[in-house]
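The data block below is coords.cif; it holds mmCIF, C-alpha atoms.
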```
data_protein
loop_
_atom_site.label_atom_id
_atom_site.label_comp_id
_atom_site.auth_asym_id
_atom_site.auth_seq_id
_atom_site.Cartn_x
_atom_site.Cartn_y
_atom_site.Cartn_z
CA MET A 1 100.80 126.86 77.92
CA ASN A 2 99.87 123.28 78.75
CA ILE A 3 102.75 120.99 79.60
CA PRO A 4 101.57 117.90 81.50
CA PHE A 5 103.98 116.05 83.74
CA LEU A 6 103.52 112.89 81.65
CA ASP A 7 101.22 112.19 78.70
CA LEU A 8 100.88 108.46 78.09
CA LYS A 9 98.18 109.03 75.50
CA VAL A 10 100.75 110.50 73.09
CA GLN A 11 103.04 107.51 73.54
CA HIS A 12 100.24 105.05 72.89
CA GLN A 13 98.96 106.96 69.90
CA HIS A 14 102.38 106.47 68.28
CA LEU A 15 102.17 102.73 69.01
CA ARG A 16 98.45 102.18 68.43
CA THR A 17 98.90 99.95 65.38
CA GLU A 18 101.55 97.73 67.01
CA LEU A 19 99.69 97.52 70.32
CA THR A 20 96.41 96.67 68.60
CA GLN A 21 98.15 93.94 66.61
CA ALA A 22 99.64 92.53 69.83
CA PHE A 23 96.22 92.60 71.48
CA ASN A 24 94.65 90.76 68.55
CA GLU A 25 97.38 88.11 68.57
CA VAL A 26 96.69 87.32 72.21
CA ILE A 27 92.91 87.30 71.73
CA ASP A 28 93.22 85.02 68.72
CA SER A 29 95.55 82.64 70.54
CA GLY A 30 92.99 81.93 73.27
CA TRP A 31 95.86 81.71 75.80
CA PHE A 32 96.06 84.41 78.49
CA ILE A 33 98.32 83.16 81.32
CA GLN A 34 101.82 81.62 81.13
CA GLY A 35 101.86 81.41 77.34
CA ASN A 36 104.16 82.12 74.44
CA GLN A 37 104.10 85.93 74.78
CA LEU A 38 105.44 85.63 78.32
CA VAL A 39 108.16 83.20 77.25
CA LEU A 40 109.27 85.51 74.44
CA PHE A 41 109.20 88.63 76.61
CA GLU A 42 111.21 86.92 79.34
CA GLN A 43 113.85 85.93 76.78
CA GLU A 44 113.96 89.40 75.25
CA TYR A 45 114.08 91.27 78.55
CA ALA A 46 116.76 88.98 79.97
CA ARG A 47 118.80 89.70 76.85
CA PHE A 48 118.16 93.44 77.25
CA CYS A 49 119.42 93.32 80.87
CA ASN A 50 122.29 91.00 79.95
CA THR A 51 121.13 88.37 82.44
CA THR A 52 120.52 84.65 82.16
CA HIS A 53 116.97 84.66 83.52
CA CYS A 54 113.88 86.86 83.54
CA ILE A 55 110.79 85.77 85.48
CA GLY A 56 107.64 87.77 84.79
CA VAL A 57 105.48 88.54 87.84
CA GLY A 58 102.42 90.61 88.71
CA ASN A 59 104.15 93.87 89.73
CA GLY A 60 107.36 95.38 91.06
CA LEU A 61 106.47 94.89 94.74
CA ASP A 62 105.87 91.19 94.13
CA ALA A 63 109.21 90.99 92.33
CA LEU A 64 111.13 92.18 95.39
CA HIS A 65 109.00 90.15 97.79
CA LEU A 66 109.47 86.92 95.83
CA ILE A 67 113.24 87.43 95.61
CA LEU A 68 113.37 87.62 99.40
CA ARG A 69 111.19 84.50 99.68
CA GLY A 70 113.38 82.78 97.12
CA TYR A 71 116.38 83.35 99.35
CA ASP A 72 114.45 82.17 102.44
CA ILE A 73 114.63 85.58 104.07
CA GLY A 74 111.82 86.00 106.58
CA ALA A 75 110.85 86.26 110.24
CA GLY A 76 113.71 87.30 112.52
CA ASP A 77 115.84 88.53 109.62
CA GLU A 78 116.81 92.09 108.78
CA VAL A 79 117.18 93.67 105.34
CA ILE A 80 118.98 96.95 104.77
CA VAL A 81 116.90 99.39 102.70
CA PRO A 82 117.34 103.04 101.72
CA SER A 83 115.56 105.54 103.93
CA ASN A 84 114.80 107.52 100.76
CA THR A 85 112.64 105.40 98.46
CA PHE A 86 109.07 104.57 97.52
CA ILE A 87 107.44 102.54 100.28
CA ALA A 88 107.22 99.41 98.09
CA THR A 89 110.90 98.68 98.84
CA TRP A 90 110.10 98.48 102.55
CA LEU A 91 106.81 96.66 102.05
CA ALA A 92 108.53 93.83 100.21
CA VAL A 93 110.65 93.20 103.31
CA SER A 94 107.60 93.33 105.56
CA TYR A 95 105.66 90.93 103.31
CA ALA A 96 108.49 88.43 103.66
CA GLY A 97 108.24 88.73 107.45
CA ALA A 98 111.61 90.41 107.86
CA THR A 99 112.42 93.87 109.26
CA PRO A 100 113.53 96.80 107.06
CA ILE A 101 116.58 98.60 108.43
CA PRO A 102 116.87 102.05 106.85
CA VAL A 103 120.18 103.60 105.81
CA GLU A 104 120.44 107.22 104.76
CA PRO A 105 121.16 108.32 101.16
CA ASP A 106 123.88 110.42 99.63
CA LEU A 107 122.22 113.84 99.36
CA ARG A 108 123.84 114.41 95.96
CA THR A 109 122.52 111.29 94.21
CA TYR A 110 119.53 110.38 96.46
CA ASN A 111 120.71 106.75 96.47
CA ILE A 112 121.78 104.74 99.52
CA SER A 113 125.17 105.80 100.88
CA PRO A 114 127.56 102.79 100.95
CA GLU A 115 129.63 104.50 103.64
CA LEU A 116 126.74 104.16 106.09
CA ILE A 117 125.75 100.55 105.39
CA GLU A 118 128.29 98.70 107.54
CA ALA A 119 127.15 100.43 110.72
CA ALA A 120 123.63 99.06 110.15
CA ILE A 121 124.68 95.42 109.76
CA THR A 122 123.88 93.02 112.61
CA PRO A 123 124.02 89.23 112.96
CA ARG A 124 120.41 89.19 111.71
CA THR A 125 121.15 91.06 108.47
CA LYS A 126 120.59 88.88 105.41
CA ALA A 127 120.44 91.25 102.44
CA ILE A 128 120.85 94.77 101.10
CA ILE A 129 118.27 96.24 98.74
CA ALA A 130 119.87 98.91 96.56
CA VAL A 131 117.31 101.17 94.89
CA HIS A 132 118.33 102.84 91.63
CA LEU A 133 116.20 105.86 92.36
CA TYR A 134 114.91 108.15 89.61
CA GLY A 135 116.80 106.11 86.98
CA GLN A 136 120.36 106.42 88.33
CA VAL A 137 122.18 103.31 89.52
CA ALA A 138 123.46 103.14 93.09
CA ASP A 139 127.18 102.62 93.75
CA MET A 140 127.04 98.87 93.25
CA ASP A 141 130.73 97.98 93.47
CA ALA A 142 130.92 99.48 96.95
CA ILE A 143 127.66 97.79 97.99
CA ASN A 144 128.69 94.40 96.60
CA SER A 145 132.04 94.64 98.38
CA ILE A 146 130.31 95.15 101.74
CA ALA A 147 127.87 92.32 101.01
CA GLU A 148 130.69 89.93 100.15
CA LYS A 149 132.50 90.81 103.36
CA TYR A 150 129.43 89.92 105.47
CA GLY A 151 127.93 87.15 103.35
CA LEU A 152 124.83 89.13 102.36
CA LYS A 153 122.61 88.99 99.28
CA VAL A 154 122.37 92.11 97.11
CA ILE A 155 118.98 92.84 95.56
CA GLU A 156 118.50 95.63 93.07
CA ASP A 157 115.27 97.59 93.10
CA ALA A 158 115.45 98.40 89.39
CA ALA A 159 111.87 99.65 89.08
CA GLN A 160 113.04 103.01 87.71
CA SER A 161 116.28 102.14 85.95
CA GLN A 162 115.47 100.08 82.86
CA GLY A 163 118.53 100.51 80.62
CA ALA A 164 120.66 102.52 83.07
CA LEU A 165 124.40 101.83 83.18
CA TYR A 166 126.90 101.54 86.02
CA LYS A 167 130.51 101.60 84.80
CA GLY A 168 129.23 100.31 81.48
CA ARG A 169 127.20 97.48 83.03
CA LEU A 170 123.42 97.31 82.84
CA SER A 171 121.02 97.77 85.70
CA GLY A 172 119.28 94.51 86.56
CA GLY A 173 122.40 92.37 86.49
CA LEU A 174 124.56 94.07 89.11
CA GLY A 175 123.60 92.04 92.18
CA ASP A 176 122.24 88.60 93.03
CA ALA A 177 118.80 89.46 91.63
CA ALA A 178 116.79 92.50 90.60
CA GLY A 179 113.13 93.46 90.87
CA HIS A 180 111.58 95.43 87.98
CA SER A 181 108.30 97.31 87.72
CA PHE A 182 106.32 97.86 84.54
CA TYR A 183 103.81 100.27 86.08
CA PRO A 184 102.47 102.36 83.16
CA GLY A 185 104.54 105.46 83.97
CA LYS A 186 107.88 103.64 84.03
CA ASN A 187 110.42 103.97 81.21
CA LEU A 188 109.17 100.56 80.08
CA GLY A 189 105.54 100.55 81.16
CA ALA A 190 102.74 98.08 80.60
CA LEU A 191 99.10 98.99 80.04
CA GLY A 192 98.40 97.94 83.61
CA ASP A 193 100.46 96.44 86.41
CA GLY A 194 103.38 94.17 85.68
CA GLY A 195 106.82 93.25 86.98
CA ALA A 196 109.78 90.94 86.53
CA ILE A 197 112.84 89.53 88.23
CA THR A 198 116.22 89.24 86.52
CA THR A 199 119.05 87.09 87.83
CA ASN A 200 122.01 84.91 86.85
CA ASP A 201 121.25 82.52 89.72
CA ASP A 202 119.88 79.32 88.15
CA ALA A 203 118.61 77.83 91.41
CA LEU A 204 116.85 81.05 92.40
CA ALA A 205 115.21 81.35 88.97
CA GLU A 206 113.81 77.83 89.18
CA LYS A 207 112.42 78.49 92.64
CA LEU A 208 110.91 81.84 91.61
CA ARG A 209 109.09 80.28 88.68
CA MET A 210 107.38 78.00 91.18
CA LEU A 211 106.78 80.69 93.81
CA ARG A 212 104.97 82.95 91.33
CA ASN A 213 102.68 80.08 90.28
CA TYR A 214 101.27 78.63 93.52
CA GLY A 215 104.57 76.87 94.25
CA SER A 216 104.01 74.59 91.28
CA LYS A 217 106.28 73.46 88.47
CA VAL A 218 103.83 70.84 87.19
CA ARG A 219 100.14 71.74 87.28
CA TYR A 220 98.39 70.64 90.48
CA HIS A 221 101.71 69.46 91.98
CA ASN A 222 102.67 72.04 94.58
CA GLU A 223 106.23 71.74 95.86
CA LEU A 224 106.25 75.06 97.73
CA LYS A 225 103.78 77.33 99.51
CA GLY A 226 103.66 79.76 96.63
CA PHE A 227 101.78 82.82 95.44
CA ASN A 228 99.75 83.93 92.46
CA SER A 229 101.84 86.60 90.78
CA ARG A 230 102.12 86.15 87.04
CA LEU A 231 102.75 88.62 84.22
CA ASP A 232 99.81 87.94 81.92
CA GLU A 233 99.97 87.40 78.17
CA LEU A 234 98.44 90.74 77.21
CA GLN A 235 100.91 92.75 79.26
CA ALA A 236 103.82 90.62 78.04
CA ALA A 237 102.74 91.24 74.44
CA PHE A 238 102.44 95.00 75.01
CA LEU A 239 105.83 95.09 76.74
CA ARG A 240 107.44 93.28 73.80
CA VAL A 241 106.26 96.09 71.53
CA LYS A 242 107.52 98.79 73.89
CA LEU A 243 110.85 97.09 74.59
CA GLN A 244 111.82 97.69 70.97
CA LYS A 245 111.44 101.44 71.61
CA LEU A 246 113.07 101.61 75.03
CA ASN A 247 116.61 102.59 74.01
CA GLN A 248 115.23 105.31 71.74
CA TRP A 249 112.95 106.60 74.48
CA ASN A 250 115.80 106.61 77.00
CA GLN A 251 117.93 108.67 74.62
CA GLN A 252 115.12 111.21 74.33
CA ARG A 253 114.85 111.37 78.11
CA LYS A 254 118.58 112.12 78.26
CA LEU A 255 118.16 114.98 75.80
CA ILE A 256 115.41 116.54 77.92
CA ALA A 257 117.45 116.07 81.10
CA ALA A 258 120.42 117.76 79.40
CA ILE A 259 118.25 120.79 78.61
CA TYR A 260 117.27 120.98 82.27
CA GLN A 261 120.81 120.43 83.55
CA GLN A 262 122.23 123.17 81.36
CA GLY A 263 119.33 125.61 81.61
CA LEU A 264 118.90 125.49 85.37
CA GLN A 265 122.55 125.99 86.33
CA GLY A 266 123.44 128.85 88.62
CA LEU A 267 120.26 129.11 90.70
CA ALA A 268 121.48 129.25 94.27
CA SER A 269 118.16 128.14 95.75
CA LEU A 270 117.78 125.13 93.44
CA ALA A 271 119.72 121.87 93.81
CA LEU A 272 120.09 119.91 90.57
CA PRO A 273 120.72 116.16 90.19
CA ILE A 274 124.37 115.15 90.37
CA VAL A 275 125.58 112.33 88.13
CA PRO A 276 128.81 110.56 89.15
CA ASP A 277 131.35 109.80 86.43
CA TRP A 278 130.52 106.09 86.61
CA ALA A 279 126.77 106.56 86.11
CA ASP A 280 124.72 106.78 82.92
CA PRO A 281 121.14 107.33 84.13
CA VAL A 282 117.99 106.86 82.09
CA TRP A 283 116.18 109.75 83.81
CA HIS A 284 112.97 108.06 84.83
CA LEU A 285 112.45 111.30 86.73
CA TYR A 286 114.20 114.65 86.71
CA VAL A 287 114.13 115.74 90.34
CA VAL A 288 115.32 119.04 91.77
CA ARG A 289 115.27 120.33 95.34
CA SER A 290 113.98 123.70 96.43
CA SER A 291 113.45 125.10 99.91
CA ARG A 292 110.37 126.78 98.36
CA ARG A 293 109.11 123.57 96.79
CA ASP A 294 105.40 124.05 97.42
CA GLU A 295 105.47 127.63 96.14
CA LEU A 296 107.41 126.52 93.07
CA GLN A 297 104.88 123.78 92.34
CA GLN A 298 101.98 126.20 92.60
CA TYR A 299 103.73 128.75 90.38
CA LEU A 300 104.45 126.16 87.68
CA LEU A 301 100.85 124.99 87.86
CA SER A 302 99.70 128.58 87.30
CA GLN A 303 101.86 128.57 84.17
CA GLY A 304 100.24 125.37 82.90
CA ILE A 305 103.18 123.13 83.84
CA GLY A 306 102.49 119.87 85.65
CA THR A 307 104.81 118.50 88.32
CA VAL A 308 104.74 115.62 90.81
CA ILE A 309 106.45 115.07 94.16
CA HIS A 310 108.24 111.70 94.30
CA TYR A 311 107.70 111.28 97.26
CA PRO A 312 106.11 113.64 99.80
CA ILE A 313 106.42 111.36 102.85
CA ALA A 314 109.43 109.23 103.73
CA PRO A 315 108.65 105.56 104.50
CA HIS A 316 109.63 105.85 108.16
CA GLN A 317 107.14 108.70 108.59
CA GLN A 318 104.23 106.72 107.18
CA ASP A 319 101.64 105.41 109.63
CA ALA A 320 102.28 101.93 108.24
CA TYR A 321 105.70 101.92 109.94
CA ALA A 322 104.78 103.61 113.21
CA GLU A 323 105.90 100.49 115.09
CA LEU A 324 109.53 101.22 114.16
CA LYS A 325 109.30 104.37 116.31
CA LEU A 326 111.49 106.39 113.95
CA ASP A 327 110.46 109.87 115.02
CA GLN A 328 110.89 113.16 113.20
CA GLY A 329 114.62 113.86 112.91
CA SER A 330 115.68 110.23 113.14
CA LEU A 331 116.55 110.10 109.43
CA PRO A 332 117.23 113.75 108.64
CA THR A 333 118.66 113.35 105.13
CA ALA A 334 115.62 111.45 103.88
CA GLU A 335 113.33 113.92 105.62
CA LYS A 336 115.11 116.87 103.99
CA ILE A 337 114.85 115.26 100.56
CA HIS A 338 111.17 114.45 100.88
CA ALA A 339 110.44 118.02 102.04
CA GLU A 340 112.23 119.71 99.12
CA ILE A 341 111.99 117.54 95.98
CA ILE A 342 109.87 118.19 92.94
CA SER A 343 109.86 116.28 89.65
CA LEU A 344 109.74 118.34 86.46
CA PRO A 345 108.00 117.11 83.28
CA LEU A 346 110.01 114.37 81.59
CA ASP A 347 108.64 112.28 78.78
CA PRO A 348 110.24 110.85 75.63
CA TYR A 349 107.63 112.78 73.64
CA LEU A 350 108.20 116.10 75.43
CA SER A 351 109.48 118.61 72.89
CA SER A 352 112.71 120.56 73.37
CA ASP A 353 110.70 123.78 73.13
CA ASN A 354 108.45 122.69 75.99
CA ALA A 355 111.46 121.63 78.06
CA THR A 356 112.97 125.06 77.48
CA ALA A 357 109.66 126.65 78.53
CA VAL A 358 109.86 124.69 81.80
CA VAL A 359 113.41 125.97 82.34
CA ASN A 360 112.31 129.56 81.73
CA ALA A 361 109.41 129.23 84.15
CA VAL A 362 111.59 127.77 86.90
CA ARG A 363 114.21 130.49 86.39
CA GLN A 364 111.54 133.19 86.47
CA PHE A 365 110.23 131.87 89.78
CA HIS A 366 113.70 131.87 91.32
CA SER A 367 114.74 135.26 89.88
#
```

Re-express the file's structure as structure tokens.
Amino acid sequence: MNIPFLDLKVQHQHLRTELTQAFNEVIDSGWFIQGNQLVLFEQEYARFCNTTHCIGVGNGLDALHLILRGYDIGAGDEVIVPSNTFIATWLAVSYAGATPIPVEPDLRTYNISPELIEAAITPRTKAIIAVHLYGQVADMDAINSIAEKYGLKVIEDAAQSQGALYKGRLSGGLGDAAGHSFYPGKNLGALGDGGAITTNDDALAEKLRMLRNYGSKVRYHNELKGFNSRLDELQAAFLRVKLQKLNQWNQQRKLIAAIYQQGLQGLASLALPIVPDWADPVWHLYVVRSSRRDELQQYLLSQGIGTVIHYPIAPHQQDAYAELKLDQGSLPTAEKIHAEIISLPLDPYLSSDNATAVVNAVRQFHS
């Protein structure tokens, strides 16, 4: 048996003709930065997310960082972040010069717990970053209500939730602005790094278009101290091809997740994802928790099944954030999650038979 965690080669083999055509169009155009492919992708992705604006940038980290800069959040400010997330969420705050203030997640959904946010708010708090982890949207109505009460901005980290729904509304348009990642392994992945920002805020969008391009609206006229973070023409062209497949791919991911959800029920030592009634996730990852996680991973590997741990070390336990002095036990829910999680294979081209084989292997280990 050979079931890789993710096989991008299969996906790209299915799209080889379309991707090659897109590549040739860009080569033939002679235009590689800030051209027509970017304009068209931004229009199409904004429409997909049901937002007014999409601003293509270099990667997902830059997307979050530039949103914070666009709202003039920086030195002396605090931004509430989930304690359970990929470190990029925290790094964006640090890049802006602000301080990340971690709030623990709901152990059932892995997303930030709205009930714990208010206690973390201080006079220096300027924004809340809500991460839609593993493809399931955070409880945005509750988060937006708190933000409105305290006059805070709400920023979605939508890196893993392209197409996910919250009470029928699409991820990427549920706060003031959203940062997206098109890292190759994402549900909508480029053939390299890429990112975008979606928003309905006209003033923010105008500022972001300058910030991503050296602070310039007109070439060689720099109104702001900007950055160089632009989604290039090739990646925009590739993403336009893949965007047409995204809904189909997300449906396939849901089918695989349903096989796992049904097949893995009843194992006392295995915690499965919990989906609230108001959520319709796109299953970027299918993550379970096991107190024997490392043994389980080694057993699955011996059976030819690939897995990944997303993520083995919580941000507050990384050396990069040693200055926060958040010692072991300071954020116990995040620490528990990071010690127990394991992501099972999930790919829109994973067959039902292979998904069932994964279920059987996991059940055999826990029997």

Selection dump of the PyMOL selection byres ((chain A and resi 81) around 8), as a PDB file with C-alpha atoms, in the coordinates of the input:
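Output file expr_30.pdb follows:
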```
ATOM      1  CA  VAL A  79     117.180  93.670 105.340  1.00  0.00           C
ATOM      2  CA  ILE A  80     118.980  96.950 104.770  1.00  0.00           C
ATOM      3  CA  PRO A  82     117.340 103.040 101.720  1.00  0.00           C
ATOM      4  CA  SER A  83     115.560 105.540 103.930  1.00  0.00           C
ATOM      5  CA  THR A  89     110.900  98.680  98.840  1.00  0.00           C
ATOM      6  CA  TRP A  90     110.100  98.480 102.550  1.00  0.00           C
ATOM      7  CA  PRO A 100     113.530  96.800 107.060  1.00  0.00           C
ATOM      8  CA  ILE A 101     116.580  98.600 108.430  1.00  0.00           C
ATOM      9  CA  PRO A 102     116.870 102.050 106.850  1.00  0.00           C
ATOM     10  CA  VAL A 103     120.180 103.600 105.810  1.00  0.00           C
ATOM     11  CA  ILE A 112     121.780 104.740  99.520  1.00  0.00           C
ATOM     12  CA  ILE A 128     120.850  94.770 101.100  1.00  0.00           C
ATOM     13  CA  ILE A 129     118.270  96.240  98.740  1.00  0.00           C
ATOM     14  CA  ALA A 130     119.870  98.910  96.560  1.00  0.00           C
TER      15      ALA A 130
END
```

- Query: What lies within 6 Å of range 193-197 of chain A using all atoms listed in the file, ignoring chain neighbours under 5 positions off, as a PyMOL selection string?
  - Reply: chain A and resi 54-60+63+178-183+231

- Item | Residue members of the PyMOL selection byres ((chain A and resi 131) around 6) in the file shown, as JSON, numbers by chain | {"A": [130, 132, 133, 156, 157]}

- Item | Counting only C-alpha atoms, the option among A:Ala339, A:Gly306, A:Ala236, A:Leu208 closest to Met1 in chain A |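 So, comparing all the options, the nearest one is A:Gly306.
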
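CA of Leu344 in chain A sits 13.1 Å away from CA of Asp7 in chain A.
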